[in-house]
Each structure stands twice: as C-alpha cells, then as structure tokens.
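Note sheet for the following structure.
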Amino acid sequence: MRAVIQKCLRSSVRVDSEVVSSIGRGYNVLVGICAEDTAEDVAWLVNKILKVRLWHDWRYNIGEAHLAGPRTEGERVSAASERPISEPLEILCISQFTLYAKLRGNKPDFHLAMKSADARPLYEAVLKGLRDGLPPINTGKDADKTTATRVKDGVFGAMMAVEIVNDGRKPPSTPHVPAA
C-alpha cells in the first residue's frame, strides 16, 4: 500500500465537471493498493496518515490537533502564532492505482496494482480507519462537524479531476509512504 500525502489549504475532486468532494485545510492523500495488500497493510497506513507531522505548528497535525485545548470558549489558539485555529483539519482521500505503475519502455504497466473489485473493500477500510481514528474537534461554528465529515473521498474507479492548493511551508509537503 502506498500513499502520497500533501498538505493543502484546500482541495477538491470533480467527476463529470461536478465537485463531488472538497476540503479546506488539511491533507490530500492519494492511496494506491498493491495486489498483495491485506487488512494489516490498511491498519499500518491509516496509523501513518493519522500520525504524520507535516505542519509547522504541531497543533495543526491531524492526529494531534485536538491536544491544543480551547483558550476561550469556542476558540483554539496556536501557541506558536497566537492566532485562532478556526477550522478542524480535513482529509481528502483519493484512490490512485497509478501509484503502482511501472514503466516498460515508454508504456506504463499497472499489473502491480490490485484489481478494482478487490481493492474497493481495502480502500473503504482505509476510509473507515481514518474516520474512526480522527479525533473530533468541536469548536464554535464547527460544533456540528463529526469525524466522518472530516474525511472525504472521491468516487472509487471514476475518472476524477483533482485540484490541490498546496501549503508549501516546511517541512516537505509530499512524503511518499511505502508499505511496511
């Protein structure tokens, strides 16, 4: 299992020119599933995605954002910048079989990627793991948000147009997370 994680200010997915999912600040995660992947690989990848530290201010990191604690009712404050953390971070997860492409001459070969029918349950398990593992942040205007709405995805197997507005601050924004 492979993932490319990108810090973003916002990201969206279109299918047939219609936006099917969009997020604000958070991670855009491309997930590739190999023909040999198992449920153990899903658990490992979910753990890595939830614990990766990409934001300059640790309180913005997906798995730790809930640790910041409210400064005043309905407001979360970043110690580093003394500015409110106004929105909970989100994840836009996109199935991407091309992460297992190999070039044979000039032609891509996708034989290492799992077939769609077998990959779908594993991809859905990744989504479920992220939703189950992402701590809720209930502040002010976002009090109605649930963890399920913080993890969004594209349409599995569809031809998708992905738009990403990267947050290019340090540390590097696109680590490649290979399988264990």
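By order of appearance in the structure tokens: chains A, B, ..., then residues from 1 within every chain, and ligands from 1 in the order shown.
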Name the residues in contact with Asn28 (chain A) at a cut-off of 8 Å, using only C-alpha atoms, excluding same-chain residues fewer than 5 positions from it; report them as a short mmCIF file (atom, residue, chain, number, x, y, z; two decimals) with N, CA, C and O atoms, in the first residue's frame.
data_model
loop_
_atom_site.label_atom_id
_atom_site.label_comp_id
_atom_site.auth_asym_id
_atom_site.auth_seq_id
_atom_site.Cartn_x
_atom_site.Cartn_y
_atom_site.Cartn_z
N ILE A 5 1.01 12.01 0.55
CA ILE A 5 0.29 12.93 1.42
C ILE A 5 0.75 14.35 1.09
O ILE A 5 1.95 14.62 1.10
N GLN A 6 -0.20 15.22 0.82
CA GLN A 6 0.12 16.60 0.51
C GLN A 6 -0.62 17.53 1.45
O GLN A 6 -1.85 17.42 1.59
N LYS A 7 0.13 18.43 2.09
CA LYS A 7 -0.52 19.47 2.89
C LYS A 7 -1.24 20.39 1.93
O LYS A 7 -0.67 20.79 0.92
N CYS A 8 -2.44 20.74 2.26
CA CYS A 8 -3.16 21.65 1.35
C CYS A 8 -3.94 22.70 2.13
O CYS A 8 -4.33 22.48 3.27
N SER A 11 -8.65 21.51 -1.27
CA SER A 11 -8.56 20.51 -2.33
C SER A 11 -9.97 20.08 -2.69
O SER A 11 -10.88 20.11 -1.86
N ILE A 91 -9.25 15.58 5.69
CA ILE A 91 -8.51 14.70 4.79
C ILE A 91 -9.38 14.44 3.57
O ILE A 91 -10.55 14.08 3.70
N LEU A 92 -8.79 14.63 2.39
CA LEU A 92 -9.43 14.23 1.14
C LEU A 92 -8.64 13.04 0.62
O LEU A 92 -7.47 13.18 0.27
N CYS A 93 -9.25 11.89 0.62
CA CYS A 93 -8.60 10.63 0.25
C CYS A 93 -9.06 10.24 -1.16
O CYS A 93 -10.25 10.27 -1.45
N ILE A 94 -8.09 9.90 -2.01
CA ILE A 94 -8.40 9.58 -3.40
C ILE A 94 -7.73 8.27 -3.78
O ILE A 94 -6.51 8.12 -3.61
N ILE A 164 -5.66 20.70 -6.17
CA ILE A 164 -4.99 20.83 -4.88
C ILE A 164 -4.32 22.19 -4.81
O ILE A 164 -3.55 22.54 -5.70
#
Test item: residues at most 6 Å from Val13 (chain A), only C-alpha atoms, excluding those fewer than 2 positions along its chain, as a ChimeraX atom specification:
/A:19-21,154,161-162
What is the CA of Ala101 (chain A) to CA of Met159 (chain A) distance in Å?
16.7 Å
Within 12 Å of Lys115 (chain A), counting only C-alpha atoms, which residues qualify if same-chain residues fewer than 6 places away don't, as a VMD selection string?
chain A and resid 32 to 37 96 to 98 100 121 to 123 157
Suppose we keep N, CA, C and O atoms; can you now write the selection as a tab-separated table (two decimals), in the first residue's frame?
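Final file, result_11.tsv:
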chain	number	residue	atom	x	y	z
A	32	GLY	N	-2.68	4.19	-3.12
A	32	GLY	CA	-2.51	3.12	-4.10
A	32	GLY	C	-2.52	1.78	-3.39
A	32	GLY	O	-1.91	1.63	-2.33
A	33	ILE	N	-3.21	0.81	-3.95
A	33	ILE	CA	-3.33	-0.51	-3.33
A	33	ILE	C	-2.68	-1.55	-4.24
A	33	ILE	O	-3.03	-1.67	-5.41
A	34	CYS	N	-1.75	-2.28	-3.67
A	34	CYS	CA	-1.00	-3.31	-4.39
A	34	CYS	C	-1.76	-4.63	-4.38
A	34	CYS	O	-2.56	-4.89	-3.46
A	35	ALA	N	-1.50	-5.46	-5.35
A	35	ALA	CA	-2.18	-6.76	-5.46
A	35	ALA	C	-1.98	-7.63	-4.22
A	35	ALA	O	-2.80	-8.49	-3.93
A	36	GLU	N	-0.93	-7.41	-3.46
A	36	GLU	CA	-0.63	-8.24	-2.29
A	36	GLU	C	-1.05	-7.62	-0.97
A	36	GLU	O	-0.79	-8.19	0.10
A	37	ASP	N	-1.70	-6.46	-0.98
A	37	ASP	CA	-2.07	-5.78	0.26
A	37	ASP	C	-3.15	-6.52	1.04
A	37	ASP	O	-4.00	-7.20	0.46
A	96	GLN	N	-5.89	5.78	-6.06
A	96	GLN	CA	-4.97	6.11	-7.15
A	96	GLN	C	-4.14	4.88	-7.52
A	96	GLN	O	-3.02	4.71	-7.06
A	97	PHE	N	-4.70	4.03	-8.37
A	97	PHE	CA	-3.99	2.81	-8.75
A	97	PHE	C	-2.68	3.10	-9.47
A	97	PHE	O	-1.76	2.29	-9.48
A	98	THR	N	-2.56	4.29	-10.04
A	98	THR	CA	-1.35	4.62	-10.80
A	98	THR	C	-0.11	4.75	-9.91
A	98	THR	O	1.00	4.81	-10.43
A	100	TYR	N	1.10	2.47	-8.41
A	100	TYR	CA	1.82	1.21	-8.63
A	100	TYR	C	2.20	1.00	-10.09
A	100	TYR	O	2.45	-0.12	-10.52
A	121	PRO	N	-12.85	-2.89	-1.24
A	121	PRO	CA	-13.03	-3.10	0.21
A	121	PRO	C	-11.83	-2.61	1.03
A	121	PRO	O	-12.03	-2.08	2.14
A	122	LEU	N	-10.63	-2.74	0.51
A	122	LEU	CA	-9.46	-2.25	1.24
A	122	LEU	C	-9.45	-0.72	1.29
A	122	LEU	O	-9.14	-0.13	2.32
A	123	TYR	N	-9.80	-0.09	0.19
A	123	TYR	CA	-9.87	1.37	0.16
A	123	TYR	C	-10.94	1.87	1.13
A	123	TYR	O	-10.72	2.82	1.88
A	157	GLY	N	-12.84	4.42	-8.64
A	157	GLY	CA	-12.86	3.91	-10.00
A	157	GLY	C	-13.28	4.91	-11.06
A	157	GLY	O	-13.23	4.60	-12.26
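Going from CA of Met160 (chain A) to CA of Ser12 (chain A) covers 9.9 Å.
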As a check of understanding: the span from CA of Gly26 (chain A) to CA of Glu124 (chain A) is 19.8 Å
